[in-house]
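Coordinates as given in final.cif (mmCIF, C-alpha atoms and all ligand atoms):
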```
data_model
loop_
_atom_site.label_atom_id
_atom_site.label_comp_id
_atom_site.auth_asym_id
_atom_site.auth_seq_id
_atom_site.Cartn_x
_atom_site.Cartn_y
_atom_site.Cartn_z
CA MET U 1 -31.13 -24.84 -18.99
CA PRO U 2 -30.50 -28.59 -19.20
CA SER U 3 -26.89 -28.16 -20.35
CA THR U 4 -26.01 -26.02 -17.29
CA ASN U 5 -27.70 -28.59 -15.06
CA LEU U 6 -25.74 -31.36 -16.66
CA LEU U 7 -22.51 -29.45 -16.17
CA TYR U 8 -23.43 -28.78 -12.55
CA HIS U 9 -24.07 -32.45 -11.90
CA LEU U 10 -20.88 -33.41 -13.62
CA LEU U 11 -18.99 -30.91 -11.45
CA LEU U 12 -20.63 -32.30 -8.31
CA ALA U 13 -19.78 -35.80 -9.40
CA VAL U 14 -16.14 -34.75 -9.63
CA LEU U 15 -16.03 -32.51 -6.56
CA ILE U 16 -17.86 -34.67 -4.03
CA PRO U 17 -15.42 -37.59 -4.09
CA ILE U 18 -12.44 -35.20 -3.94
CA THR U 19 -13.73 -33.19 -0.97
CA THR U 20 -14.71 -36.38 0.85
CA ALA U 21 -11.36 -37.97 0.28
CA PHE U 22 -9.32 -34.87 1.19
CA PRO U 23 -11.22 -32.63 3.59
CA ILE U 24 -9.47 -29.23 3.46
CA PRO U 25 -9.09 -27.53 6.85
CA LEU U 26 -10.37 -23.94 6.88
CA LEU U 27 -7.20 -22.15 8.00
CA HIS U 28 -8.46 -18.82 6.69
CA PRO U 29 -12.21 -18.72 7.19
CA ARG U 30 -12.25 -15.07 5.99
CA GLN U 31 -14.46 -14.59 2.98
CA SER U 32 -12.64 -13.20 -0.01
CA VAL U 33 -13.81 -10.56 -2.48
CA ALA U 34 -10.75 -11.04 -4.71
CA THR U 35 -7.50 -13.03 -4.74
CA LEU U 36 -4.59 -11.31 -6.50
CA CYS U 37 -1.49 -13.43 -7.12
CA SER U 38 -0.14 -12.12 -10.43
CA GLU U 39 2.53 -9.39 -10.28
CA THR U 40 0.01 -6.72 -11.30
CA GLY U 41 -3.10 -8.37 -9.79
CA TYR U 42 -5.60 -5.52 -9.41
CA TRP U 43 -9.11 -5.05 -8.01
CA SER U 44 -11.29 -1.95 -7.77
CA GLY U 45 -14.72 -1.18 -6.36
CA SER U 46 -16.61 1.21 -4.07
CA GLY U 47 -14.16 4.01 -4.93
CA TYR U 48 -11.12 2.02 -3.75
CA GLU U 49 -8.50 -0.18 -5.39
CA VAL U 50 -6.16 -2.94 -4.23
CA ASN U 51 -3.03 -4.03 -6.09
CA ASN U 52 -0.64 -6.94 -5.44
CA ASN U 53 1.97 -4.74 -7.21
CA ASN U 54 5.09 -6.98 -7.17
CA TRP U 55 6.85 -4.37 -9.31
CA GLY U 56 10.39 -5.27 -8.19
CA ALA U 57 10.00 -9.07 -8.12
CA SER U 58 12.67 -9.53 -10.81
CA SER U 59 15.38 -8.40 -8.35
CA ALA U 60 14.52 -11.29 -5.98
CA THR U 61 16.31 -14.65 -6.22
CA SER U 62 13.12 -16.34 -5.01
CA GLY U 63 9.80 -15.52 -3.45
CA SER U 64 6.16 -14.83 -4.09
CA GLN U 65 3.26 -12.74 -2.87
CA CYS U 66 -0.55 -12.86 -2.95
CA THR U 67 -2.99 -10.17 -1.84
CA TYR U 68 -6.59 -10.82 -0.80
CA VAL U 69 -9.45 -8.33 -0.66
CA ASP U 70 -11.46 -9.42 2.38
CA SER U 71 -14.29 -6.89 2.25
CA ALA U 72 -15.09 -3.59 0.57
CA SER U 73 -17.74 -0.94 0.71
CA SER U 74 -17.96 2.84 0.35
CA SER U 75 -16.94 3.02 4.02
CA GLY U 76 -13.61 1.28 3.45
CA VAL U 77 -11.68 -1.79 2.42
CA ALA U 78 -10.15 -4.68 4.38
CA TRP U 79 -7.41 -6.83 2.88
CA HIS U 80 -4.36 -8.93 3.66
CA THR U 81 -1.19 -9.95 1.87
CA THR U 82 1.22 -12.84 2.38
CA TRP U 83 4.79 -12.78 1.13
CA THR U 84 8.28 -14.29 1.13
CA TRP U 85 11.18 -12.62 -0.72
CA GLU U 86 14.86 -13.49 -0.83
CA GLY U 87 17.85 -11.81 -2.53
CA GLY U 88 18.38 -8.30 -3.89
CA GLU U 89 18.71 -6.90 -0.35
CA THR U 90 18.65 -3.23 -1.33
CA ASP U 91 15.72 -3.48 -3.74
CA VAL U 92 11.99 -3.17 -3.06
CA LYS U 93 10.16 -6.27 -4.37
CA SER U 94 6.62 -5.07 -3.97
CA PHE U 95 4.26 -2.45 -2.65
CA ALA U 96 0.94 -4.23 -2.12
CA TYR U 97 -1.55 -1.49 -1.34
CA SER U 98 -5.09 -0.27 -0.95
CA GLY U 99 -5.79 3.13 -2.43
CA LEU U 100 -8.44 5.74 -2.98
CA GLN U 101 -9.42 6.04 -6.64
CA VAL U 102 -8.32 9.66 -6.95
CA GLU U 103 -10.60 11.99 -8.89
CA ARG U 104 -8.25 13.92 -11.17
CA GLY U 105 -7.92 17.65 -11.64
CA HIS U 106 -7.44 18.82 -8.04
CA THR U 107 -4.30 20.62 -6.91
CA ILE U 108 -3.12 20.08 -3.34
CA ALA U 109 -3.84 23.77 -2.59
CA ALA U 110 -7.45 23.35 -3.81
CA ILE U 111 -8.10 20.23 -1.70
CA GLY U 112 -9.66 21.07 1.68
CA GLY U 113 -8.74 17.82 3.42
CA LEU U 114 -7.33 14.32 2.89
CA GLU U 115 -8.82 12.41 5.81
CA THR U 116 -7.79 8.81 6.34
CA GLU U 117 -7.87 6.04 8.91
CA VAL U 118 -6.10 2.71 8.93
CA LYS U 119 -5.57 -0.26 11.26
CA TRP U 120 -3.00 -2.90 10.40
CA ALA U 121 -0.87 -5.74 11.87
CA TYR U 122 1.96 -8.03 10.68
CA ASN U 123 1.71 -11.57 12.09
CA THR U 124 5.51 -11.72 12.37
CA THR U 125 8.34 -9.28 11.60
CA GLU U 126 11.20 -11.53 12.66
CA GLY U 127 13.84 -11.33 9.91
CA VAL U 128 11.52 -9.06 7.91
CA ARG U 129 12.84 -5.97 6.11
CA ALA U 130 9.87 -3.82 5.13
CA ASN U 131 7.99 -0.66 5.91
CA VAL U 132 4.29 0.02 6.41
CA ALA U 133 3.50 3.31 4.73
CA TYR U 134 1.15 5.78 3.14
CA ASP U 135 2.28 6.86 -0.31
CA PHE U 136 1.19 9.96 -2.26
CA PHE U 137 2.25 11.10 -5.74
CA THR U 138 1.62 14.55 -7.17
CA ASP U 139 2.29 15.97 -10.62
CA GLU U 140 1.87 19.17 -12.60
CA ASP U 141 -0.05 17.07 -15.19
CA PRO U 142 -3.42 16.09 -13.64
CA GLU U 143 -3.66 13.09 -16.01
CA ARG U 144 -0.20 11.69 -15.18
CA GLU U 145 -0.01 7.87 -15.06
CA THR U 146 -0.06 6.49 -11.50
CA THR U 147 3.45 5.02 -11.98
CA GLY U 148 5.18 8.35 -11.37
CA GLY U 149 5.00 12.01 -10.46
CA ASP U 150 7.04 15.16 -9.79
CA TYR U 151 6.77 14.64 -6.00
CA GLU U 152 6.22 11.77 -3.58
CA LEU U 153 5.17 12.12 0.05
CA MET U 154 5.35 9.11 2.37
CA LEU U 155 4.32 8.42 5.97
CA TRP U 156 6.21 5.43 7.34
CA LEU U 157 4.06 4.09 10.21
CA ALA U 158 6.57 1.28 10.80
CA LYS U 159 10.02 0.22 9.66
CA TYR U 160 11.52 -3.26 10.11
CA GLY U 161 15.21 -3.98 9.54
CA ASP U 162 18.00 -1.77 8.24
CA ILE U 163 16.02 0.02 5.52
CA GLN U 164 15.93 3.82 5.11
CA PRO U 165 13.89 6.37 3.17
CA ILE U 166 15.43 8.22 0.23
CA GLY U 167 17.60 11.22 1.15
CA SER U 168 18.61 12.39 4.58
CA THR U 169 16.98 13.77 7.69
CA ASP U 170 17.69 17.05 9.41
CA ALA U 171 14.40 17.72 11.17
CA SER U 172 11.64 16.14 13.18
CA ALA U 173 8.02 17.24 13.27
CA THR U 174 4.87 16.63 15.29
CA LEU U 175 1.93 16.15 12.93
CA ALA U 176 -1.45 14.40 13.29
CA GLY U 177 -0.59 13.82 16.95
CA HIS U 178 2.61 11.83 16.28
CA ASP U 179 6.36 12.54 16.19
CA TRP U 180 8.18 11.96 12.90
CA ASP U 181 11.71 12.17 11.49
CA TYR U 182 11.55 14.15 8.24
CA TYR U 183 13.65 13.01 5.25
CA VAL U 184 14.09 14.80 1.91
CA GLY U 185 15.83 13.51 -1.19
CA ASN U 186 15.52 12.99 -4.95
CA LYS U 187 15.16 9.73 -6.84
CA SER U 188 17.52 9.17 -9.76
CA ASP U 189 14.68 10.12 -12.16
CA GLY U 190 14.45 13.54 -10.42
CA MET U 191 11.29 12.86 -8.40
CA ARG U 192 11.52 14.70 -5.08
CA VAL U 193 10.61 12.50 -2.10
CA TYR U 194 9.42 13.66 1.34
CA SER U 195 9.30 10.92 3.99
CA PHE U 196 7.91 11.19 7.50
CA VAL U 197 9.12 8.23 9.59
CA ALA U 198 7.19 7.63 12.82
CA ILE U 199 9.53 7.70 15.82
CA SER U 200 7.24 5.17 17.59
CA GLN U 201 5.40 2.62 15.47
CA ILE U 202 1.77 3.56 14.68
CA ASP U 203 -0.60 0.54 14.40
CA SER U 204 -3.69 2.64 14.06
CA PHE U 205 -3.55 6.00 12.28
CA SER U 206 -6.19 8.66 11.86
CA GLY U 207 -5.52 12.10 10.45
CA ASP U 208 -5.59 14.68 7.68
CA ILE U 209 -2.71 14.32 5.19
CA LYS U 210 -3.10 18.00 4.27
CA GLU U 211 -1.10 18.76 7.45
CA PHE U 212 1.88 16.93 5.93
CA PHE U 213 1.55 18.71 2.57
CA ASP U 214 1.34 22.05 4.42
CA TYR U 215 4.57 21.13 6.23
CA VAL U 216 6.53 20.41 3.02
CA THR U 217 5.07 23.56 1.43
CA ASP U 218 6.42 25.62 4.37
CA HIS U 219 9.74 23.77 4.78
CA ASP U 220 10.75 22.89 1.22
CA GLY U 221 8.75 25.15 -1.07
CA PHE U 222 6.52 22.31 -2.33
CA PRO U 223 4.42 24.02 -5.07
CA ALA U 224 0.95 23.10 -3.77
CA GLU U 225 -0.76 25.53 -6.18
CA THR U 226 0.41 23.64 -9.29
CA GLN U 227 0.76 20.03 -8.06
CA ASN U 228 -2.23 17.71 -8.61
CA LEU U 229 -2.94 14.68 -6.45
CA ILE U 230 -2.38 11.49 -8.48
CA VAL U 231 -2.02 8.64 -5.93
CA PHE U 232 -3.38 8.11 -2.36
CA ASP U 233 -2.22 4.64 -1.24
CA PHE U 234 -1.46 2.66 1.91
CA GLY U 235 0.59 -0.54 1.94
CA SER U 236 3.93 -2.15 2.65
CA GLU U 237 7.21 -1.98 0.74
CA ALA U 238 8.71 -5.47 1.05
CA PHE U 239 12.48 -5.94 0.73
CA THR U 240 13.29 -9.41 2.13
CA GLY U 241 12.02 -11.93 4.68
CA GLY U 242 8.92 -13.99 5.32
CA PRO U 243 6.78 -15.99 5.19
CA THR U 244 4.81 -13.17 6.75
CA GLU U 245 1.35 -11.70 6.55
CA LEU U 246 0.13 -8.11 6.74
CA THR U 247 -3.54 -7.63 7.60
CA VAL U 248 -5.14 -4.25 7.01
CA SER U 249 -8.37 -4.64 8.94
CA SER U 250 -9.67 -1.30 7.70
CA PHE U 251 -8.55 1.47 5.37
CA THR U 252 -10.62 4.54 4.62
CA ALA U 253 -9.66 7.62 2.65
CA SER U 254 -11.45 10.67 1.35
CA MET U 255 -10.68 13.84 -0.51
CA ASP U 256 -12.53 17.02 0.40
CA THR U 257 -12.75 19.07 -2.81
C1 LIG U 301 14.91 17.41 -7.00
O1 LIG U 301 13.56 17.41 -7.50
C2 LIG U 301 12.97 18.71 -7.57
C3 LIG U 301 11.52 18.52 -7.97
O2 LIG U 301 11.38 17.73 -9.11
C4 LIG U 301 13.75 19.56 -8.57
O3 LIG U 301 13.19 20.86 -8.62
C5 LIG U 301 15.19 19.65 -8.10
O4 LIG U 301 15.95 20.33 -9.07
C6 LIG U 301 15.79 18.26 -7.91
N1 LIG U 301 17.11 18.39 -7.31
C7 LIG U 301 18.15 17.70 -7.75
C8 LIG U 301 19.44 17.93 -7.02
O5 LIG U 301 18.07 16.91 -8.69
C1 LIG U 302 2.36 -15.55 9.25
O1 LIG U 302 1.61 -15.71 8.05
C2 LIG U 302 2.30 -16.47 7.06
C3 LIG U 302 1.45 -16.42 5.79
O2 LIG U 302 0.14 -16.81 6.02
C4 LIG U 302 2.52 -17.87 7.56
O3 LIG U 302 3.17 -18.65 6.58
C5 LIG U 302 3.36 -17.80 8.83
O4 LIG U 302 3.50 -19.09 9.36
C6 LIG U 302 2.69 -16.91 9.85
N1 LIG U 302 3.62 -16.73 10.98
C7 LIG U 302 3.21 -16.69 12.24
C8 LIG U 302 4.26 -16.51 13.26
O5 LIG U 302 2.02 -16.80 12.55
#
```
Take the structure in this file and express it as structure tokens.
Ligand SMILES: *[C@@H]1O[C@H](CO)[C@@H](O)[C@H](O)[C@H]1NC(C)=O
Ligand SMILES: *[C@@H]1O[C@H](CO)[C@@H](O)[C@H](O)[C@H]1NC(C)=O
Amino acid sequence: MPSTNLLYHLLLAVLIPITTAFPIPLLHPRQSVATLCSETGYWSGSGYEVNNNNWGASSATSGSQCTYVDSASSSGVAWHTTWTWEGGETDVKSFAYSGLQVERGHTIAAIGGLETEVKWAYNTTEGVRANVAYDFFTDEDPERETTGGDYELMLWLAKYGDIQPIGSTDASATLAGHDWDYYVGNKSDGMRVYSFVAISQIDSFSGDIKEFFDYVTDHDGFPAETQNLIVFDFGSEAFTGGPTELTVSSFTASMDT
């Protein structure tokens, strides 16, 4: 292919002088599978997905976010995200996440287990208002779009700043070996939201999410027989702060059907 060769040599001719003149220090020597900087930047592979998901960026006065997939295989995904957001104090700017690509058509009652493990770290949380959380949506319609659902269940592993889950708390629970404050409330669109907020920050979580669904079934009449799993995600809801960086060194999730 002479034309490809020519192009290659032309590229080298351009690149070599530039790299020689401005050697770029390797600040992040991590290899990257994908770089996602657009508001809906999305990657999927090996049964997982990663989304930059800056869904509330328009309520910020300034800021930006990029998410990087560092590695991925059927045994899990590693990624990191960097962000800075200012303004719109009470609004979520983004929920960058890794998720399991959920096979549709399974009610919570019919799922035997929802095993997951995650390890994460923020490089700084000074002046940061954000959570680090698992997020699950369920709906009566098994084909419901991933943007919504009848019910949402969240596990907040960490909370920075004066942010709060939807609703109010009147109970605490010990589940998956950790103590949680339990919040219940409805979003303005009617979606009912269950939030478990870890009383002590959890940097490394391992457990079966079915335990949490069993709890809301027993305590709030969650209709597990008719609600299908739609979304199984882990990420961080960013309000304001930064520059900061969240590294998820490993996320695994599975659904036992
Ligand atoms: C909250 O959401 C649940 C589930 O969608 C619904 O059954 C209930 O009526 C809602 N409650 C209020 C006060 O809107
Ligand atoms: C954290 O990471 C961000 C984004 O890479 C960087 O701008 C910031 O300087 C880092 N902060 C610390 C304390 O390492």
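Using all atoms listed in the file for every distance, the candidate list U:Thr82, U:Thr107, U:Thr169, U:Ser46 yields U:Thr82 as the residue closest to ligand LIG 302 (chain U).
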Which residues are near U:Leu229? Cut-off 10 Å, all atoms listed in the file, ignore same chain within fewer than 4 positions. Put them as number ranges by chain.
U: 102-109, 111, 136-144, 149, 151, 224, 255
Would you kindly return, as an NGL selection string, each protein, DNA or RNA residue with an atom no farther than 12 Å from any atom of U:Gly127, considering only C-alpha atoms and excluding same-chain residues fewer than 5 positions away?
:U and (84-86 or 160-162 or 238-244)
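Where the distance criterion is 8 Å and the atoms used are all atoms listed in the file, the residues close to ligand LIG 301 (chain U) are Asp150, Tyr151, Gly185, Asn186, Lys187, Ser188, Gly190, Met191, Arg192 and Val193 of chain U.
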Restricting the output to C-alpha atoms, write the selected residues as a PDB file, in the coordinates of the input.
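Ended up saving to part.pdb:
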```
ATOM      1  CA  ASP U 150       7.040  15.160  -9.790  1.00  0.00           C
ATOM      2  CA  TYR U 151       6.770  14.640  -6.000  1.00  0.00           C
ATOM      3  CA  GLY U 185      15.830  13.510  -1.190  1.00  0.00           C
ATOM      4  CA  ASN U 186      15.520  12.990  -4.950  1.00  0.00           C
ATOM      5  CA  LYS U 187      15.160   9.730  -6.840  1.00  0.00           C
ATOM      6  CA  SER U 188      17.520   9.170  -9.760  1.00  0.00           C
ATOM      7  CA  GLY U 190      14.450  13.540 -10.420  1.00  0.00           C
ATOM      8  CA  MET U 191      11.290  12.860  -8.400  1.00  0.00           C
ATOM      9  CA  ARG U 192      11.520  14.700  -5.080  1.00  0.00           C
ATOM     10  CA  VAL U 193      10.610  12.500  -2.100  1.00  0.00           C
TER      11      VAL U 193
END
```
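Taking atom CA of U:Gly47 and atom CA of U:Ser73 as endpoints, the distance between them is 8.3 Å.
Around ligand LIG 302 (chain U), using only C-alpha atoms and all ligand atoms and a cut-off of 12 Å, the residues in contact are Leu27, His28, Ser64, Gln65, Cys66, Thr67, Tyr68, His80, Thr81, Thr82, Trp83, Thr84, Ala121, Tyr122, Asn123, Thr124, Thr125, Glu126, Gly127, Val128, Gly241, Gly242, Pro243, Thr244, Glu245, Leu246 and Thr247 of chain U.
Candidate residues U:Gly207, U:Gly177, U:Gly63, U:Pro165 were compared for distance to U:Lys93, and the nearest is U:Gly63, using all atoms listed in the file.
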Where atoms are lacking, stretch 49-77 of chain U completed to N, CA and C atoms, as a short mmCIF file (atom, residue, chain, number, x, y, z; two decimals), keeping the file's coordinate frame:
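Dumped to selection.cif:
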```cif
data_model
loop_
_atom_site.label_atom_id
_atom_site.label_comp_id
_atom_site.auth_asym_id
_atom_site.auth_seq_id
_atom_site.Cartn_x
_atom_site.Cartn_y
_atom_site.Cartn_z
N GLU U 49 -9.19 0.83 -4.59
CA GLU U 49 -8.50 -0.18 -5.39
C GLU U 49 -7.47 -0.90 -4.52
N VAL U 50 -7.16 -2.13 -4.92
CA VAL U 50 -6.16 -2.94 -4.23
C VAL U 50 -5.28 -3.56 -5.30
N ASN U 51 -3.96 -3.54 -5.08
CA ASN U 51 -3.03 -4.03 -6.09
C ASN U 51 -1.95 -4.88 -5.42
N ASN U 52 -1.71 -6.06 -5.96
CA ASN U 52 -0.64 -6.94 -5.44
C ASN U 52 0.73 -6.30 -5.73
N ASN U 53 0.88 -5.66 -6.88
CA ASN U 53 1.97 -4.74 -7.21
C ASN U 53 3.39 -5.25 -6.85
N ASN U 54 3.74 -6.41 -7.39
CA ASN U 54 5.09 -6.98 -7.17
C ASN U 54 6.06 -6.38 -8.20
N TRP U 55 6.15 -5.04 -8.20
CA TRP U 55 6.85 -4.37 -9.31
C TRP U 55 8.35 -4.66 -9.35
N GLY U 56 8.95 -5.02 -8.21
CA GLY U 56 10.39 -5.27 -8.19
C GLY U 56 10.74 -6.74 -8.04
N ALA U 57 9.79 -7.63 -8.35
CA ALA U 57 10.00 -9.07 -8.12
C ALA U 57 11.21 -9.61 -8.87
N SER U 58 11.57 -9.00 -10.00
CA SER U 58 12.67 -9.53 -10.81
C SER U 58 14.02 -9.37 -10.10
N SER U 59 14.11 -8.52 -9.07
CA SER U 59 15.38 -8.40 -8.35
C SER U 59 15.49 -9.42 -7.21
N ALA U 60 14.46 -10.24 -7.01
CA ALA U 60 14.52 -11.29 -5.98
C ALA U 60 15.14 -12.55 -6.58
N THR U 61 15.83 -13.36 -5.74
CA THR U 61 16.31 -14.65 -6.22
C THR U 61 15.21 -15.70 -6.08
N SER U 62 14.31 -15.49 -5.11
CA SER U 62 13.12 -16.34 -5.01
C SER U 62 12.08 -15.60 -4.18
N GLY U 63 10.87 -16.12 -4.25
CA GLY U 63 9.80 -15.52 -3.45
C GLY U 63 8.51 -15.41 -4.20
N SER U 64 7.47 -15.01 -3.47
CA SER U 64 6.16 -14.83 -4.09
C SER U 64 5.28 -14.03 -3.14
N GLN U 65 4.18 -13.55 -3.67
CA GLN U 65 3.26 -12.74 -2.87
C GLN U 65 1.85 -12.85 -3.44
N CYS U 66 0.86 -12.93 -2.55
CA CYS U 66 -0.55 -12.86 -2.95
C CYS U 66 -1.24 -11.87 -2.04
N THR U 67 -2.22 -11.15 -2.60
CA THR U 67 -2.99 -10.17 -1.84
C THR U 67 -4.47 -10.51 -1.97
N TYR U 68 -5.19 -10.42 -0.85
CA TYR U 68 -6.59 -10.82 -0.80
C TYR U 68 -7.44 -9.65 -0.33
N VAL U 69 -8.49 -9.35 -1.08
CA VAL U 69 -9.45 -8.33 -0.66
C VAL U 69 -10.49 -9.06 0.19
N ASP U 70 -10.58 -8.70 1.47
CA ASP U 70 -11.46 -9.42 2.38
C ASP U 70 -12.87 -8.84 2.41
N SER U 71 -12.97 -7.52 2.34
CA SER U 71 -14.29 -6.89 2.25
C SER U 71 -14.11 -5.48 1.72
N ALA U 72 -15.17 -4.94 1.13
CA ALA U 72 -15.09 -3.59 0.57
C ALA U 72 -16.47 -2.97 0.51
N SER U 73 -16.51 -1.70 0.85
CA SER U 73 -17.74 -0.94 0.71
C SER U 73 -17.33 0.52 0.62
N SER U 74 -18.31 1.42 0.45
CA SER U 74 -17.96 2.84 0.35
C SER U 74 -17.35 3.33 1.66
N SER U 75 -17.54 2.59 2.75
CA SER U 75 -16.94 3.02 4.02
C SER U 75 -15.57 2.39 4.28
N GLY U 76 -14.99 1.74 3.28
CA GLY U 76 -13.61 1.28 3.45
C GLY U 76 -13.36 -0.10 2.89
N VAL U 77 -12.09 -0.49 2.97
CA VAL U 77 -11.68 -1.79 2.42
C VAL U 77 -10.81 -2.50 3.45
#
```
